[in-house]
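Asks: Contents of protein-v3.pdb (PDB, C-alpha atoms, pLDDT in the B column):
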ATOM      1  CA  MET X   1      40.940 -10.967  48.885  1.00 66.00           C
ATOM      2  CA  GLY X   2      42.230 -10.605  45.291  1.00 89.00           C
ATOM      3  CA  SER X   3      41.560  -8.542  42.209  1.00 93.00           C
ATOM      4  CA  ALA X   4      40.304  -9.068  38.692  1.00 95.00           C
ATOM      5  CA  VAL X   5      41.171  -7.382  35.404  1.00 96.00           C
ATOM      6  CA  ARG X   6      39.024  -7.836  32.306  1.00 96.00           C
ATOM      7  CA  VAL X   7      40.952  -8.666  29.131  1.00 97.00           C
ATOM      8  CA  PRO X   8      39.945  -6.143  26.428  1.00 96.00           C
ATOM      9  CA  ARG X   9      37.999  -7.338  23.403  1.00 93.00           C
ATOM     10  CA  GLY X  10      40.301  -8.381  20.583  1.00 91.00           C
ATOM     11  CA  VAL X  11      43.152  -9.484  22.878  1.00 95.00           C
ATOM     12  CA  LYS X  12      43.782 -13.186  22.331  1.00 93.00           C
ATOM     13  CA  PRO X  13      46.444 -15.477  23.829  1.00 93.00           C
ATOM     14  CA  PRO X  14      49.326 -15.632  23.845  1.00 95.00           C
ATOM     15  CA  PHE X  15      49.885 -12.368  25.686  1.00 97.00           C
ATOM     16  CA  ASP X  16      52.165 -11.011  28.407  1.00 98.00           C
ATOM     17  CA  VAL X  17      50.816  -9.349  31.547  1.00 98.00           C
ATOM     18  CA  TYR X  18      52.690  -6.591  33.381  1.00 98.00           C
ATOM     19  CA  VAL X  19      51.992  -4.906  36.723  1.00 96.00           C
ATOM     20  CA  ASN X  20      53.870  -1.617  37.080  1.00 94.00           C
ATOM     21  CA  GLY X  21      56.167  -2.723  34.261  1.00 95.00           C
ATOM     22  CA  VAL X  22      57.069  -6.072  35.867  1.00 97.00           C
ATOM     23  CA  ARG X  23      56.178  -9.161  33.833  1.00 98.00           C
ATOM     24  CA  GLN X  24      53.804 -11.509  35.635  1.00 97.00           C
ATOM     25  CA  THR X  25      53.776 -15.294  35.359  1.00 97.00           C
ATOM     26  CA  GLU X  26      50.541 -17.111  34.577  1.00 97.00           C
ATOM     27  CA  GLY X  27      49.728 -19.672  37.255  1.00 96.00           C
ATOM     28  CA  ARG X  28      51.932 -17.996  39.853  1.00 96.00           C
ATOM     29  CA  ASP X  29      50.883 -14.329  39.750  1.00 96.00           C
ATOM     30  CA  TYR X  30      47.514 -14.639  38.000  1.00 96.00           C
ATOM     31  CA  VAL X  31      45.165 -17.122  36.342  1.00 97.00           C
ATOM     32  CA  VAL X  32      43.059 -16.644  33.233  1.00 96.00           C
ATOM     33  CA  GLN X  33      39.340 -17.407  33.617  1.00 95.00           C
ATOM     34  CA  GLY X  34      37.574 -16.703  30.338  1.00 94.00           C
ATOM     35  CA  ASP X  35      38.146 -13.022  29.596  1.00 95.00           C
ATOM     36  CA  VAL X  36      39.257 -12.164  33.151  1.00 96.00           C
ATOM     37  CA  LEU X  37      42.697 -12.194  34.771  1.00 97.00           C
ATOM     38  CA  ARG X  38      42.418 -13.126  38.464  1.00 96.00           C
ATOM     39  CA  PHE X  39      45.141 -12.029  40.858  1.00 95.00           C
ATOM     40  CA  GLU X  40      45.337 -13.491  44.377  1.00 91.00           C
ATOM     41  CA  ARG X  41      46.762 -10.258  45.717  1.00 89.00           C
ATOM     42  CA  SER X  42      44.868  -7.017  45.977  1.00 87.00           C
ATOM     43  CA  LEU X  43      45.668  -4.445  43.314  1.00 88.00           C
ATOM     44  CA  ALA X  44      44.743  -0.801  43.786  1.00 76.00           C
ATOM     45  CA  GLN X  45      44.165   2.118  41.467  1.00 67.00           C
ATOM     46  CA  GLU X  46      44.152   5.713  42.585  1.00 62.00           C
ATOM     47  CA  GLY X  47      40.832   6.853  41.141  1.00 55.00           C
ATOM     48  CA  ARG X  48      39.596  10.411  40.874  1.00 58.00           C
ATOM     49  CA  LEU X  49      41.294  13.350  42.519  1.00 53.00           C
ATOM     50  CA  GLY X  50      38.985  14.844  45.179  1.00 59.00           C
ATOM     51  CA  LEU X  51      38.709  18.520  46.045  1.00 64.00           C
ATOM     52  CA  TRP X  52      40.855  18.261  49.193  1.00 56.00           C
ATOM     53  CA  ARG X  53      43.686  16.411  47.426  1.00 56.00           C
ATOM     54  CA  TRP X  54      43.494  18.850  44.494  1.00 56.00           C
ATOM     55  CA  PHE X  55      43.736  21.798  46.927  1.00 60.00           C
ATOM     56  CA  LEU X  56      46.809  20.303  48.649  1.00 56.00           C
ATOM     57  CA  GLY X  57      48.426  19.598  45.272  1.00 58.00           C
ATOM     58  CA  ALA X  58      47.857  23.192  44.174  1.00 64.00           C
ATOM     59  CA  TRP X  59      49.997  24.264  47.149  1.00 63.00           C
ATOM     60  CA  GLY X  60      52.734  21.767  46.314  1.00 67.00           C
ATOM     61  CA  ILE X  61      51.786  19.258  48.997  1.00 66.00           C
ATOM     62  CA  GLY X  62      51.753  15.771  47.520  1.00 62.00           C
ATOM     63  CA  THR X  63      49.373  13.036  48.557  1.00 58.00           C
ATOM     64  CA  TYR X  64      50.019   9.551  47.315  1.00 61.00           C
ATOM     65  CA  ARG X  65      47.906   6.448  47.066  1.00 60.00           C
ATOM     66  CA  PRO X  66      48.848   3.046  45.690  1.00 72.00           C
ATOM     67  CA  HIS X  67      48.319   2.605  41.974  1.00 77.00           C
ATOM     68  CA  HIS X  68      48.964  -0.599  40.064  1.00 87.00           C
ATOM     69  CA  ALA X  69      49.195  -0.127  36.305  1.00 93.00           C
ATOM     70  CA  ILE X  70      48.160  -3.337  34.524  1.00 95.00           C
ATOM     71  CA  ASP X  71      49.239  -3.686  30.889  1.00 97.00           C
ATOM     72  CA  ILE X  72      48.800  -6.543  28.417  1.00 98.00           C
ATOM     73  CA  ALA X  73      51.228  -6.900  25.494  1.00 98.00           C
ATOM     74  CA  TYR X  74      49.792  -8.935  22.612  1.00 97.00           C
ATOM     75  CA  THR X  75      49.841  -9.376  18.855  1.00 97.00           C
ATOM     76  CA  ARG X  76      46.900  -7.970  16.882  1.00 95.00           C
ATOM     77  CA  ALA X  77      45.095 -10.010  14.231  1.00 92.00           C
ATOM     78  CA  ASP X  78      47.101  -8.179  11.530  1.00 95.00           C
ATOM     79  CA  GLY X  79      50.362  -9.364  13.148  1.00 95.00           C
ATOM     80  CA  GLN X  80      51.323  -6.004  14.640  1.00 96.00           C
ATOM     81  CA  PRO X  81      52.412  -5.818  18.297  1.00 97.00           C
ATOM     82  CA  ALA X  82      50.151  -3.822  20.616  1.00 97.00           C
ATOM     83  CA  VAL X  83      49.752  -2.968  24.293  1.00 97.00           C
ATOM     84  CA  ALA X  84      46.506  -2.482  26.226  1.00 97.00           C
ATOM     85  CA  GLN X  85      47.583  -0.012  28.924  1.00 96.00           C
ATOM     86  CA  ASP X  86      46.478   0.841  32.466  1.00 92.00           C
ATOM     87  CA  LEU X  87      43.532  -1.539  32.493  1.00 95.00           C
ATOM     88  CA  PRO X  88      40.915  -1.001  35.244  1.00 92.00           C
ATOM     89  CA  VAL X  89      41.060  -3.237  38.324  1.00 91.00           C
ATOM     90  CA  GLU X  90      37.930  -4.804  39.799  1.00 85.00           C
ATOM     91  CA  GLY X  91      37.774  -6.234  43.316  1.00 70.00           C
ATOM     92  CA  ASP X  92      36.629  -9.838  43.753  1.00 56.00           C
TER      93      ASP X  92
END
Would you encode the structure as structure tokens?

Replies:
Amino acid sequence: MGSAVRVPRGVKPPFDVYVNGVRQTEGRDYVVQGDVLRFERSLAQEGRLGLWRWFLGAWGIGTYRPHHAIDIAYTRADGQPAVAQDLPVEGD
């Protein structure tokens, strides 16, 4: 199936991509197509907390769903390092 992550405006190569804090390798873990990173594997993000899950959490009962945090570390135009954090995942 696969997933896609849009590179934020202003982020130019070279940059480093991380999923849950683990550095990814271009060509093996993802490919760059224009302003989109394409991952062969499916990445998931938790989304909004529904009423039922909120109610369970209020009583100390945890519910967990997969969540992949995608970050891009890059250098801004002024030469300062920056990180675009927890970018949204789109399905293919």

Asks: Please evaluate the PyMOL selection byres ((chain X and resi 42) around 12) against the structure above and give the resulting residues as a list in words.

Replies: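 For this structure, the PyMOL selection byres ((chain X and resi 42) around 12) captures Met1, Gly2, Ser3, Ala4, Val5, Val19, Asp29, Tyr30, Arg38, Phe39, Glu40, Arg41, Leu43, Ala44, Gln45, Pro66, His67, His68, Val89, Glu90, Gly91 and Asp92 of chain X.
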
Asks: Measuring atom to atom with all atoms listed in the file, identify which of X:Ile72, X:Val32, X:Ala77, X:Ala84 is nearest to Tyr18 of chain X.

Replies: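 Looking only at the distances to Tyr18 of chain X, the closest residue turns out to be X:Ile72.
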
Asks: Using Å and a single decimal, report how far atom CA of Thr25 of chain X sits from atom CA of Arg76 of chain X.

Replies: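 Those two atoms sit 21.0 Å apart.
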
Asks: Between atom CA of Ala73 of chain X and atom CA of Gly10 of chain X, measure the distance and give it in Å to one decimal.

Replies: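 Computing the Euclidean distance for atom CA of Ala73 of chain X and atom CA of Gly10 of chain X yields 12.1 Å.
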
Asks: Name the residues captured by the PyMOL selection byres ((chain X and resi 7) around 6) when it is applied to the shown file; answer as JSON, numbers by chain.

Replies: {"X": [6, 8, 35, 36]}

Asks: What residues come out when you apply the PyMOL selection byres ((chain X and resi 13) around 10) to this file, written as number ranges by chain?

Replies: X: 10-12, 14-16, 73-75

Asks: Which one is closest to Ile70 of chain X: X:Leu37, X:Val31, X:Val17, X:Val83? Count all atoms listed in the file.

Replies: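 Of X:Leu37, X:Val31, X:Val17, X:Val83, the one nearest Ile70 of chain X is X:Val17, counting all atoms listed in the file.
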
Asks: Would you compute an axis-aligned box for segment 31-44 of chain X, covering every atom listed for it in the file with 5 Å of margin on each side, and report centre and edge lengths in Å to one decimal as lines of an AutoDock Vina configuration file?

Replies:
center_x = 42.2
center_y = -9.1
center_z = 37.8
size_x = 19.2
size_y = 26.6
size_z = 26.4

Asks: Please report the interatomic distance between atom CA of Arg9 of chain X and atom CA of Gly34 of chain X in Å with one decimal.

Replies: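 Computing it gives 11.7 Å between the two atoms.
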